[in-house]
Each structure stands twice: as structure tokens, then as C-alpha cells.
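For reference, my_file-v2.cif (mmCIF, C-alpha atoms):
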```cif
data_start
loop_
_atom_site.label_atom_id
_atom_site.label_comp_id
_atom_site.auth_asym_id
_atom_site.auth_seq_id
_atom_site.Cartn_x
_atom_site.Cartn_y
_atom_site.Cartn_z
CA MET P 4 20.26 33.68 -9.61
CA THR P 5 23.30 31.45 -9.56
CA ASN P 6 22.49 27.86 -10.32
CA ILE P 7 24.44 25.01 -8.82
CA SER P 8 25.99 23.36 -11.87
CA THR P 9 29.25 21.90 -10.65
CA LYS P 10 28.25 20.53 -7.26
CA ARG P 11 25.92 17.63 -6.60
CA GLN P 12 22.89 18.52 -4.50
CA SER P 13 22.63 15.74 -1.98
CA TRP P 14 18.94 16.40 -1.29
CA VAL P 15 18.29 14.70 -4.62
CA ASP P 16 19.94 11.49 -3.41
CA PHE P 17 17.99 11.66 -0.14
CA ALA P 18 14.76 12.08 -2.14
CA ARG P 19 15.63 9.13 -4.34
CA GLY P 20 16.52 7.10 -1.28
CA ILE P 21 13.17 7.80 0.37
CA ALA P 22 11.29 7.12 -2.86
CA ILE P 23 13.00 3.77 -3.43
CA ILE P 24 12.33 2.68 0.16
CA LEU P 25 8.65 3.54 -0.30
CA ALA P 26 8.64 1.59 -3.56
CA LEU P 27 10.00 -1.46 -1.75
CA TYR P 28 7.49 -0.98 1.04
CA ARG P 29 4.62 -1.36 -1.42
CA HIS P 30 6.12 -4.17 -3.47
CA VAL P 31 7.19 -6.24 -0.47
CA PHE P 32 3.82 -5.78 1.24
CA GLU P 33 1.81 -6.57 -1.90
CA GLY P 34 3.98 -9.64 -2.43
CA LEU P 35 3.20 -10.88 1.08
CA LYS P 36 -0.52 -10.35 0.50
CA ASN P 37 -0.33 -12.47 -2.64
CA THR P 38 1.22 -15.38 -0.74
CA GLY P 39 -2.08 -15.94 1.03
CA ILE P 40 -0.61 -15.44 4.51
CA TYR P 41 -3.14 -13.75 6.79
CA ILE P 42 -2.27 -10.06 7.28
CA GLY P 43 -5.40 -8.90 9.12
CA LYS P 44 -3.50 -8.38 12.37
CA TYR P 45 -1.24 -5.85 10.66
CA ILE P 46 -3.77 -3.51 9.11
CA ALA P 47 -1.53 -0.51 9.91
CA LEU P 48 0.92 -1.78 7.28
CA GLU P 49 -1.89 -1.67 4.73
CA HIS P 50 -2.87 1.85 5.76
CA PHE P 51 0.65 3.20 5.36
CA ASN P 52 0.87 1.38 2.05
CA ILE P 53 -2.19 3.29 0.85
CA MET P 54 -0.97 6.67 2.08
CA PHE P 55 2.52 6.38 0.61
CA PHE P 56 0.94 5.59 -2.74
CA SER P 57 -0.50 9.12 -2.91
CA PHE P 58 2.86 10.75 -3.67
CA ARG P 59 5.48 8.04 -4.18
CA MET P 60 5.43 7.84 -7.99
CA PRO P 61 4.78 11.56 -8.60
CA LEU P 62 7.89 12.21 -6.50
CA PHE P 63 10.01 10.17 -8.91
CA PHE P 64 8.76 12.15 -11.90
CA ILE P 65 8.97 15.60 -10.28
CA VAL P 66 12.58 15.11 -9.19
CA SER P 67 13.45 13.75 -12.62
CA GLY P 68 11.83 16.79 -14.22
CA ILE P 69 13.92 19.18 -12.11
CA PHE P 70 17.06 18.05 -13.94
CA LEU P 71 15.54 17.49 -17.37
CA SER P 72 16.36 20.84 -19.03
CA ALA P 73 19.94 20.86 -17.74
CA SER P 74 20.44 17.35 -19.06
CA PHE P 75 19.08 18.37 -22.45
CA SER P 76 21.25 21.51 -22.57
CA LYS P 77 24.32 19.40 -21.83
CA ARG P 78 23.65 16.79 -24.49
CA GLY P 79 21.21 17.93 -27.16
CA LEU P 80 18.25 15.89 -28.42
CA SER P 81 19.94 12.87 -29.99
CA ARG P 82 22.37 12.27 -27.12
CA TYR P 83 19.66 12.98 -24.57
CA ILE P 84 17.51 10.21 -26.05
CA GLU P 85 20.56 7.94 -26.32
CA VAL P 86 21.44 8.43 -22.65
CA LYS P 87 17.84 7.74 -21.60
CA ALA P 88 17.86 4.58 -23.69
CA ARG P 89 21.17 3.46 -22.15
CA THR P 90 20.24 4.19 -18.53
CA ILE P 91 16.49 3.48 -18.50
CA LEU P 92 15.28 1.52 -21.53
CA TYR P 93 18.22 -0.90 -21.64
CA PRO P 94 17.91 -2.09 -17.99
CA TYR P 95 14.13 -2.15 -18.45
CA PHE P 96 14.37 -4.83 -21.12
CA LEU P 97 17.41 -6.66 -19.69
CA TRP P 98 16.07 -7.02 -16.15
CA GLY P 99 12.48 -7.37 -17.32
CA VAL P 100 13.43 -10.42 -19.41
CA LEU P 101 15.51 -11.79 -16.52
CA GLN P 102 12.70 -11.37 -13.98
CA ILE P 103 10.09 -12.94 -16.26
CA SER P 104 12.42 -15.85 -17.00
CA LEU P 105 13.03 -16.53 -13.32
CA GLN P 106 9.31 -16.31 -12.55
CA VAL P 107 8.56 -18.82 -15.31
CA ILE P 108 11.34 -21.22 -14.29
CA PHE P 109 10.58 -21.05 -10.56
CA SER P 110 6.81 -20.68 -10.86
CA LYS P 111 6.35 -23.30 -8.15
CA TYR P 112 7.96 -21.00 -5.59
CA THR P 113 6.61 -17.60 -6.70
CA ASN P 114 3.18 -16.01 -6.40
CA SER P 115 3.26 -14.74 -9.99
CA ASP P 116 1.51 -16.37 -12.93
CA ARG P 117 3.97 -15.89 -15.74
CA THR P 118 4.06 -17.43 -19.22
CA VAL P 119 6.34 -16.84 -22.20
CA SER P 120 3.73 -14.45 -23.61
CA ASP P 121 4.68 -11.98 -20.89
CA TYR P 122 7.86 -11.13 -22.80
CA LEU P 123 5.65 -9.34 -25.31
CA ASN P 124 4.04 -7.29 -22.54
CA LEU P 125 7.37 -5.51 -22.10
CA PHE P 126 6.66 -3.71 -25.38
CA TYR P 127 3.08 -2.54 -24.92
CA GLN P 128 1.68 -3.60 -21.50
CA PRO P 129 4.46 -2.81 -18.97
CA ARG P 130 1.91 -2.55 -16.14
CA LYS P 131 1.61 -6.33 -16.30
CA ILE P 132 5.32 -6.75 -15.56
CA ASP P 133 5.38 -5.86 -11.88
CA GLN P 134 7.49 -2.77 -11.09
CA PHE P 135 8.97 -2.33 -14.56
CA TRP P 136 6.16 -0.16 -15.92
CA TYR P 137 7.77 2.86 -14.26
CA LEU P 138 10.96 2.66 -16.31
CA MET P 139 9.02 2.53 -19.57
CA ALA P 140 6.85 5.44 -18.40
CA LEU P 141 9.87 7.52 -17.35
CA PHE P 142 11.61 6.99 -20.69
CA ASN P 143 8.48 7.79 -22.71
CA VAL P 144 7.48 10.85 -20.70
CA SER P 145 11.02 12.28 -20.60
CA VAL P 146 11.59 11.91 -24.34
CA LEU P 147 8.13 13.13 -25.29
CA TYR P 148 8.47 16.16 -23.03
CA VAL P 149 11.80 17.34 -24.50
CA ILE P 150 10.53 16.83 -28.04
CA ILE P 151 7.43 18.92 -27.38
CA LYS P 152 9.43 21.58 -25.53
CA TYR P 153 12.49 21.88 -27.76
CA VAL P 154 11.41 20.56 -31.17
CA VAL P 155 7.73 21.48 -31.32
CA LYS P 156 8.60 24.48 -29.12
CA PHE P 157 5.49 24.59 -26.98
CA LYS P 158 5.29 27.59 -24.69
CA THR P 159 4.83 27.11 -20.95
CA TRP P 160 1.08 27.71 -21.04
CA GLN P 161 0.73 25.22 -23.89
CA GLN P 162 2.69 22.60 -21.95
CA LEU P 163 0.48 23.22 -18.93
CA ALA P 164 -2.66 22.88 -21.02
CA LEU P 165 -1.36 19.66 -22.55
CA GLY P 166 -0.37 18.22 -19.17
CA ILE P 167 -3.76 19.02 -17.64
CA VAL P 168 -5.69 17.55 -20.56
CA LEU P 169 -3.61 14.36 -20.52
CA PHE P 170 -3.96 14.03 -16.74
CA PHE P 171 -7.76 14.25 -16.82
CA LEU P 172 -7.94 11.97 -19.85
CA ALA P 173 -6.02 9.36 -17.85
CA SER P 174 -8.64 9.63 -15.11
CA TYR P 175 -11.42 9.23 -17.69
CA PHE P 176 -9.76 6.13 -19.15
CA HIS P 177 -9.45 4.57 -15.70
CA GLN P 178 -13.06 5.31 -14.82
CA HIS P 179 -14.29 3.66 -18.01
CA ASN P 180 -11.79 0.77 -17.99
CA ILE P 181 -10.19 1.90 -21.25
CA ASP P 182 -6.80 0.22 -21.50
CA LEU P 183 -4.29 2.07 -23.69
CA GLY P 184 -1.28 0.15 -22.47
CA PHE P 185 1.82 2.27 -21.90
CA LEU P 186 0.06 5.38 -23.24
CA THR P 187 -2.05 5.69 -20.09
CA ASP P 188 1.07 6.14 -17.96
CA ILE P 189 2.28 8.91 -20.27
CA PHE P 190 -1.06 10.66 -19.81
CA SER P 191 -0.93 10.21 -16.02
CA PHE P 192 2.60 11.45 -15.32
CA TYR P 193 3.34 14.05 -18.00
CA ILE P 194 2.03 16.77 -15.68
CA PHE P 195 4.46 15.77 -12.91
CA ILE P 196 7.61 15.84 -15.04
CA LEU P 197 6.38 19.19 -16.38
CA LEU P 198 5.98 20.46 -12.82
CA GLY P 199 9.53 19.39 -12.01
CA ASP P 200 10.87 21.25 -15.04
CA LEU P 201 8.89 24.39 -14.17
CA ILE P 202 10.41 24.62 -10.69
CA ASN P 203 13.95 23.54 -11.63
CA LYS P 204 15.55 27.00 -11.42
CA VAL P 205 13.99 27.68 -8.05
CA MET P 206 14.96 24.28 -6.64
CA ARG P 207 18.54 24.40 -7.92
CA SER P 208 19.34 28.00 -7.00
CA GLU P 209 22.03 28.62 -4.39
CA ASN P 210 20.09 31.66 -3.24
CA ASN P 211 17.19 29.47 -2.08
CA ILE P 212 19.12 26.73 -0.28
CA LYS P 213 19.10 28.48 3.10
CA LEU P 214 15.32 28.90 2.89
CA PHE P 215 14.66 25.32 1.81
CA GLN P 216 16.92 23.96 4.56
CA SER P 217 14.95 25.81 7.22
CA TRP P 218 12.76 23.94 9.68
CA ARG P 219 10.03 26.48 8.96
CA VAL P 220 9.37 25.08 5.49
CA SER P 221 8.87 21.52 6.72
CA ALA P 222 6.83 22.72 9.69
CA SER P 223 4.52 24.76 7.46
CA LEU P 224 3.90 21.72 5.26
CA LEU P 225 3.37 19.20 8.07
CA ILE P 226 -0.32 19.90 8.77
CA PRO P 227 -1.34 20.05 5.07
CA PHE P 228 0.61 16.81 4.54
CA LEU P 229 -1.14 14.99 7.40
CA VAL P 230 -4.58 16.26 6.38
CA ALA P 231 -4.01 15.25 2.76
CA GLN P 232 -2.77 11.79 3.74
CA GLY P 233 -5.69 11.30 6.11
CA TYR P 234 -8.20 12.24 3.43
CA PHE P 235 -6.52 9.98 0.87
CA LEU P 236 -6.56 7.03 3.28
CA VAL P 237 -10.13 7.38 4.55
CA THR P 238 -11.65 8.10 1.13
CA ASN P 239 -9.97 5.12 -0.50
CA LEU P 240 -10.91 2.83 2.38
CA ASN P 241 -14.53 3.92 1.94
CA HIS P 242 -14.47 2.85 -1.71
CA PRO P 243 -13.10 -0.71 -1.71
CA GLU P 244 -14.88 -1.37 -5.01
CA VAL P 245 -12.00 0.38 -6.77
CA SER P 246 -9.16 -2.14 -6.81
CA GLY P 247 -5.83 -1.10 -5.38
CA TYR P 248 -7.35 1.71 -3.30
CA ARG P 249 -7.28 4.11 -6.26
CA TYR P 250 -10.63 5.82 -5.91
CA VAL P 251 -9.13 9.27 -5.31
CA GLU P 252 -6.68 8.89 -8.19
CA TYR P 253 -9.33 7.71 -10.66
CA TYR P 254 -12.43 9.61 -9.58
CA GLN P 255 -11.05 12.74 -7.90
CA PRO P 256 -8.06 13.60 -10.12
CA LEU P 257 -7.79 17.25 -9.06
CA LEU P 258 -7.66 16.30 -5.38
CA PHE P 259 -5.21 13.53 -6.17
CA PHE P 260 -2.93 16.03 -7.92
CA LEU P 261 -3.04 18.41 -4.95
CA ILE P 262 -2.44 15.60 -2.46
CA ALA P 263 0.49 14.33 -4.52
CA VAL P 264 2.06 17.79 -4.80
CA VAL P 265 1.71 18.45 -1.06
CA GLY P 266 3.24 15.04 -0.31
CA CYS P 267 6.16 15.63 -2.68
CA ALA P 268 6.76 19.14 -1.32
CA PHE P 269 6.90 17.83 2.25
CA ILE P 270 9.28 14.99 1.40
CA ILE P 271 11.56 17.33 -0.57
CA SER P 272 11.61 19.77 2.35
CA ILE P 273 12.68 16.93 4.63
CA CYS P 274 15.42 16.04 2.14
CA PHE P 275 16.76 19.59 2.24
CA LEU P 276 16.98 19.29 6.02
CA LEU P 277 18.90 16.04 5.60
CA GLN P 278 21.24 17.83 3.19
CA ARG P 279 21.75 20.55 5.79
CA PHE P 280 22.95 18.00 8.36
CA ASN P 281 24.54 15.77 5.71
CA ARG P 282 23.09 12.58 7.13
CA PRO P 283 22.15 9.78 7.19
CA ASN P 284 24.77 8.70 4.69
CA TRP P 285 23.20 5.28 4.13
CA LEU P 286 20.05 6.94 2.75
CA ARG P 287 22.12 8.99 0.32
CA VAL P 288 23.90 5.83 -0.80
CA LEU P 289 20.56 4.15 -1.48
CA GLY P 290 19.53 7.17 -3.52
CA LYS P 291 22.67 7.01 -5.64
CA HIS P 292 21.92 3.35 -6.36
CA SER P 293 18.17 3.81 -6.86
CA LEU P 294 18.12 2.59 -10.47
CA TYR P 295 19.98 -0.60 -9.63
CA ILE P 296 17.74 -1.22 -6.63
CA TYR P 297 14.62 -0.62 -8.70
CA VAL P 298 15.42 -3.14 -11.43
CA ALA P 299 16.65 -5.90 -9.10
CA HIS P 300 14.72 -5.55 -5.86
CA VAL P 301 11.79 -7.82 -6.74
CA ILE P 302 14.11 -10.66 -7.70
CA ALA P 303 16.09 -10.08 -4.48
CA PHE P 304 13.28 -9.95 -1.92
CA ALA P 305 11.13 -12.57 -3.68
CA SER P 306 14.05 -15.02 -3.55
CA VAL P 307 14.61 -14.35 0.14
CA ARG P 308 10.87 -14.63 0.86
CA ALA P 309 10.59 -17.95 -0.99
CA LEU P 310 13.59 -19.30 0.95
CA MET P 311 12.19 -18.20 4.30
CA ILE P 312 8.67 -19.54 3.66
CA ASN P 313 9.45 -22.78 1.81
CA ILE P 314 12.69 -23.85 3.47
CA PHE P 315 12.55 -22.35 6.96
CA HIS P 316 8.72 -22.20 7.16
CA ILE P 317 8.71 -18.64 8.48
CA THR P 318 5.29 -17.01 8.10
CA ASN P 319 5.57 -14.15 10.59
CA ILE P 320 4.50 -11.02 8.66
CA PRO P 321 6.73 -8.45 10.44
CA ILE P 322 9.80 -10.67 10.00
CA LEU P 323 9.07 -11.33 6.32
CA PHE P 324 8.23 -7.69 5.71
CA ILE P 325 11.32 -6.18 7.33
CA THR P 326 13.61 -8.85 5.89
CA GLY P 327 12.16 -8.29 2.42
CA ILE P 328 12.83 -4.55 2.54
CA ILE P 329 16.35 -4.93 3.92
CA PHE P 330 17.44 -7.57 1.41
CA GLY P 331 15.55 -5.85 -1.40
CA LEU P 332 17.70 -2.78 -0.79
CA LEU P 333 21.05 -4.35 0.03
CA ILE P 334 21.32 -7.18 -2.50
CA PRO P 335 21.00 -4.93 -5.59
CA VAL P 336 23.57 -2.49 -4.17
CA LEU P 337 25.92 -5.40 -3.49
CA LEU P 338 25.37 -6.77 -7.00
CA TYR P 339 26.18 -3.40 -8.51
CA ARG P 340 29.33 -3.03 -6.41
CA ILE P 341 30.43 -6.49 -7.59
CA SER P 342 29.70 -5.55 -11.21
CA GLU P 343 31.91 -2.48 -10.77
CA LYS P 344 34.81 -4.53 -9.48
CA LEU P 345 34.41 -7.03 -12.31
CA ASN P 346 34.01 -4.21 -14.84
CA ILE P 347 30.63 -5.53 -15.98
CA GLU P 348 28.44 -2.54 -15.12
CA TRP P 349 26.60 -3.24 -18.38
CA VAL P 350 24.40 -5.64 -16.41
CA PHE P 351 22.71 -2.53 -14.96
CA ALA P 352 23.20 0.24 -17.55
CA LEU P 353 25.28 1.06 -20.60
CA LYS P 354 27.88 3.75 -20.09
CA GLU P 355 27.45 7.00 -21.99
CA ARG P 356 29.74 7.33 -24.99
CA GLU P 357 32.52 9.89 -24.67
CA LEU P 358 31.93 12.59 -27.28
CA PRO P 359 33.37 16.11 -27.76
CA LYS P 360 31.76 18.61 -25.43
CA ARG P 361 28.95 20.71 -26.81
CA SER P 362 29.29 24.48 -26.93
CA GLU P 363 25.96 25.06 -25.18
CA PRO P 364 25.82 25.84 -21.46
CA SER P 365 26.00 22.64 -19.52
CA ALA P 366 25.15 21.40 -16.09
CA THR P 367 26.61 18.50 -14.19
CA ILE P 368 23.86 16.00 -13.66
CA ALA P 369 23.65 13.27 -11.08
CA ASN P 370 24.87 9.80 -11.92
CA ALA P 371 22.54 7.67 -14.01
CA SER P 372 19.72 6.70 -11.74
CA VAL P 373 16.10 5.78 -11.73
CA MET P 374 15.19 9.48 -11.77
CA ASN P 375 17.91 10.79 -14.05
#
```
Spit out the file's structure as C-alpha cells when you get a sec.
Amino acid sequence: MTNISTKRQSWVDFARGIAIILALYRHVFEGLKNTGIYIGKYIALEHFNIMFFSFRMPLFFIVSGIFLSASFSKRGLSRYIEVKARTILYPYFLWGVLQISLQVIFSKYTNSDRTVSDYLNLFYQPRKIDQFWYLMALFNVSVLYVIIKYVVKFKTWQQLALGIVLFFLASYFHQHNIDLGFLTDIFSFYIFILLGDLINKVMRSENNIKLFQSWRVSASLLIPFLVAQGYFLVTNLNHPEVSGYRYVEYYQPLLFFLIAVVGCAFIISICFLLQRFNRPNWLRVLGKHSLYIYVAHVIAFASVRALMINIFHITNIPILFITGIIFGLLIPVLLYRISEKLNIEWVFALKERELPKRSEPSATIANASVMN
């Protein structure tokens, strides 16, 4: 098989674009719910919010895992960890501190309840800092996985066994309200980055592109996708006692895994179709800027929402919802473009140091992004 190593696969950007839009969907909608504005008339928004949750975060980790081994081969362990720290951990702390600070200063106009003690949560309780938990989880899982694979030298079956054990332990911890801080996210998502790494050669092979870009693949996944999403929605709605509609995730982990994998497979198949037709370009652009959108979108849409509610007294849910998503996507991209022109990209990520090329086989990896 001949792997694509010198040419960017645009399906990755489409996948990142879809994933970041779904992330904004949830965050904008949950933010509106927390304002106290009545949303009962728009229950469909809640239902889609629940369904998207079944595969949205696993998709981030699977796509990241697909490029993990190539990234390691290009850089080696020390530089791999350094790059992850520069592109994931650095913006995590920088934008996490900024967001907490703004929420404390403008507490009168936000629906968050922040105090200075929340700065400490960045180190051990990232789930309490809105969307930022994902960046900490991605850094931890990525680094832990390469160490176990390349330093400890676990075989594939050992990695699978470890991933399965961690995944079911995470479910056990959730069921019994055992809070392990950032460790729980490592347990939950290790299996998904492993899955991405296991399929990386298949997904990045030129020989398979024609098959993946076929309508037949998406069509064959459509019914399983709809059935899985329907089950996830109905089952969670029938168990409102589990906060956040997470009954399937916490109490039916095997089904949750299957539902997540089917959802990710369907979305990826759609992204290959988009690559085939090379459109829409705006979605690919969002995917390329997914990291910058992820760290800044809450600040962006929360500011717009506060302005619309408190200054213009707009309380219409569809208007607030659509406006929140649009500005949550566009403002971070605009901020990054401005930072490029001003040569201050460090406000989003630290550039990788230029070092002599390694002698090992290398692969050109996508620009630093939320799933890189």
C-alpha cells in the first residue's frame, strides 16, 4: 500500500469542521439553557443536542489517532511531546486563564459562577472549566499512548486490552460517582485514540480512497447510523435521572462504544464524499482553524449573547442560537487571521522549533489543530 505522506487529505479538515460545529452546537445550546430563557418550544434542538453527543468527542480522538504514529515517526518522543505541549497544552492554559478571568470580571453578565479558585481546576479538574477539559484529555491521552506503544512497547492486543479495561473502568467510576479528575477522561477516551491509530494505514492509503469516496459506503452506514442515534436519544430521554443525558454512556458502555463508532464511521464517510467534490470550502477552512475556534468560541459567543440579551433585550431562542454558532465560529477565525498579520500567533499556539530532520521515515502532518 502506498500511503499519502506528502499531500494533505482534505477529508480530515472536513471532519474537523463538522466536529467543531457540533461542539459549538452543544456549548451554545447549553449556554442558552443556563440563561433561564424558556426553551420548551424548541425541544428538537435538545434532541439533536443529545444525539450529536453520542459521537462528537470520540470523533475528535479517532481522527487524532489516525495521524498519531506518523507524527511520532516524524519527530520522535521528546519532540512529539514538545509539539503537543506547544499546540495543545499551551493554549489550554493561556485561554483557560483568559476565559476564567473574563468570567470573574464580568460575572454580572455571564451565567457562570467563577471564582479565583477555578484557576487551580485547570491543573486537576479540567471538566469544571467549560470546554477546556478536552484539550487536557487530548494531550494526556496522546502522550500516554505513544509512551505505552513506543517506550513500554505494548503489542496491539495488549493495547486493546488496556483500552477496554480503562473504558469500562471509566463507566464504573461514573456509575459510582467516583471523581478522579482528569484521569477519568484518559480512561474514557484512550480506546478511541487507539482505534484511530489501528486504522491509520487503511484510512490514509491511496488504494482505498476510491472506495471511501463512494456513495455506497455512506449509504450502507445510513440505516445503522439512524438506528443508533434513535436508540441513544430515546434511551437517554427515558432516564432523566442521569444528568446530561448520559445514561447510555455511563450504564451501557458497550452500546455507547458501538454507537460512537457507527456515528464516527458515518461522518468520516460523508467527509470523504466532500473531499471527492472538494466542497464546501468554508467547512474545510473551519476544520483548519479548529484549534483556534475551540479555545476562543465560548468567549466569542458568550460575549455576543450577553450583548444581545442585556443591551438589545433579544430573547428569541432561534436568533440567539444561530447567532451564537455563527459568531462562535467566525470571531476566533478572524482573531487568528489578525494574529497572523501582526505576527503574534503565539496567542493561539507556539510554533514548532526548527530542528535538523530526523533520519526516520516521516509523514507530512496537518497543521497544528485541535485534533493534531
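With all atoms listed in the file as the atoms that count, the residue of P:Phe63, P:Phe126, P:Trp349, P:Trp14 with the shortest distance to Ser293 of chain P is P:Phe63.
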For this session: Please indicate the distance in Å from atom CA of Ile21 of chain P to atom CA of Glu209 of chain P, rounded to one decimal place.
Result: 23.1 Å
Would you write out, as a PDB file with C-alpha atoms, in the frame of the given file, every residue that the PyMOL selection byres ((chain P and resi 94-98) around 8) captures in this file?
```
ATOM      1  CA  ARG P  89      21.170   3.460 -22.150  1.00  0.00           C
ATOM      2  CA  THR P  90      20.240   4.190 -18.530  1.00  0.00           C
ATOM      3  CA  ILE P  91      16.490   3.480 -18.500  1.00  0.00           C
ATOM      4  CA  LEU P  92      15.280   1.520 -21.530  1.00  0.00           C
ATOM      5  CA  TYR P  93      18.220  -0.900 -21.640  1.00  0.00           C
ATOM      6  CA  GLY P  99      12.480  -7.370 -17.320  1.00  0.00           C
ATOM      7  CA  VAL P 100      13.430 -10.420 -19.410  1.00  0.00           C
ATOM      8  CA  LEU P 101      15.510 -11.790 -16.520  1.00  0.00           C
ATOM      9  CA  GLN P 102      12.700 -11.370 -13.980  1.00  0.00           C
ATOM     10  CA  LEU P 125       7.370  -5.510 -22.100  1.00  0.00           C
ATOM     11  CA  PHE P 135       8.970  -2.330 -14.560  1.00  0.00           C
ATOM     12  CA  LEU P 138      10.960   2.660 -16.310  1.00  0.00           C
ATOM     13  CA  MET P 139       9.020   2.530 -19.570  1.00  0.00           C
ATOM     14  CA  VAL P 298      15.420  -3.140 -11.430  1.00  0.00           C
ATOM     15  CA  ALA P 299      16.650  -5.900  -9.100  1.00  0.00           C
ATOM     16  CA  VAL P 350      24.400  -5.640 -16.410  1.00  0.00           C
ATOM     17  CA  PHE P 351      22.710  -2.530 -14.960  1.00  0.00           C
ATOM     18  CA  ALA P 352      23.200   0.240 -17.550  1.00  0.00           C
TER      19      ALA P 352
END
```
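Taking only C-alpha atoms into account, Arg130 of chain P lies nearest to P:Gly184 out of the set P:Val154, P:Gly184, P:Gly166, P:Asn143.
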Problem set entry | Closest of P:Ser272, P:Asn180, P:Ser246, P:Gln232 to Ser217 of chain P - atom-to-atom distances counting all atoms listed in the file |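 Checking each of P:Ser272, P:Asn180, P:Ser246, P:Gln232 against Ser217 of chain P, counting all atoms listed in the file, the winner is P:Ser272.
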Exercise. Just so the selection is clear, what residues does the PyMOL selection byres ((chain P and resi 304) around 9) cover here, as a ChimeraX atom specification?
Worked result: /P:31,299-303,305-309,326-332,334
Exercise. Taking into account all atoms listed in the file, which residue in the set P:Ser13, P:Ser221, P:Ser57, P:Thr159 is nearest to Ala26 of chain P?
Worked result: P:Ser57
For this session: Report as JSON, numbers by chain the residues that result from applying the PyMOL selection byres ((chain P and resi 228) around 8) to the structure here.
Result: {"P": [224, 225, 226, 227, 229, 230, 231, 232, 262, 265, 266, 269]}
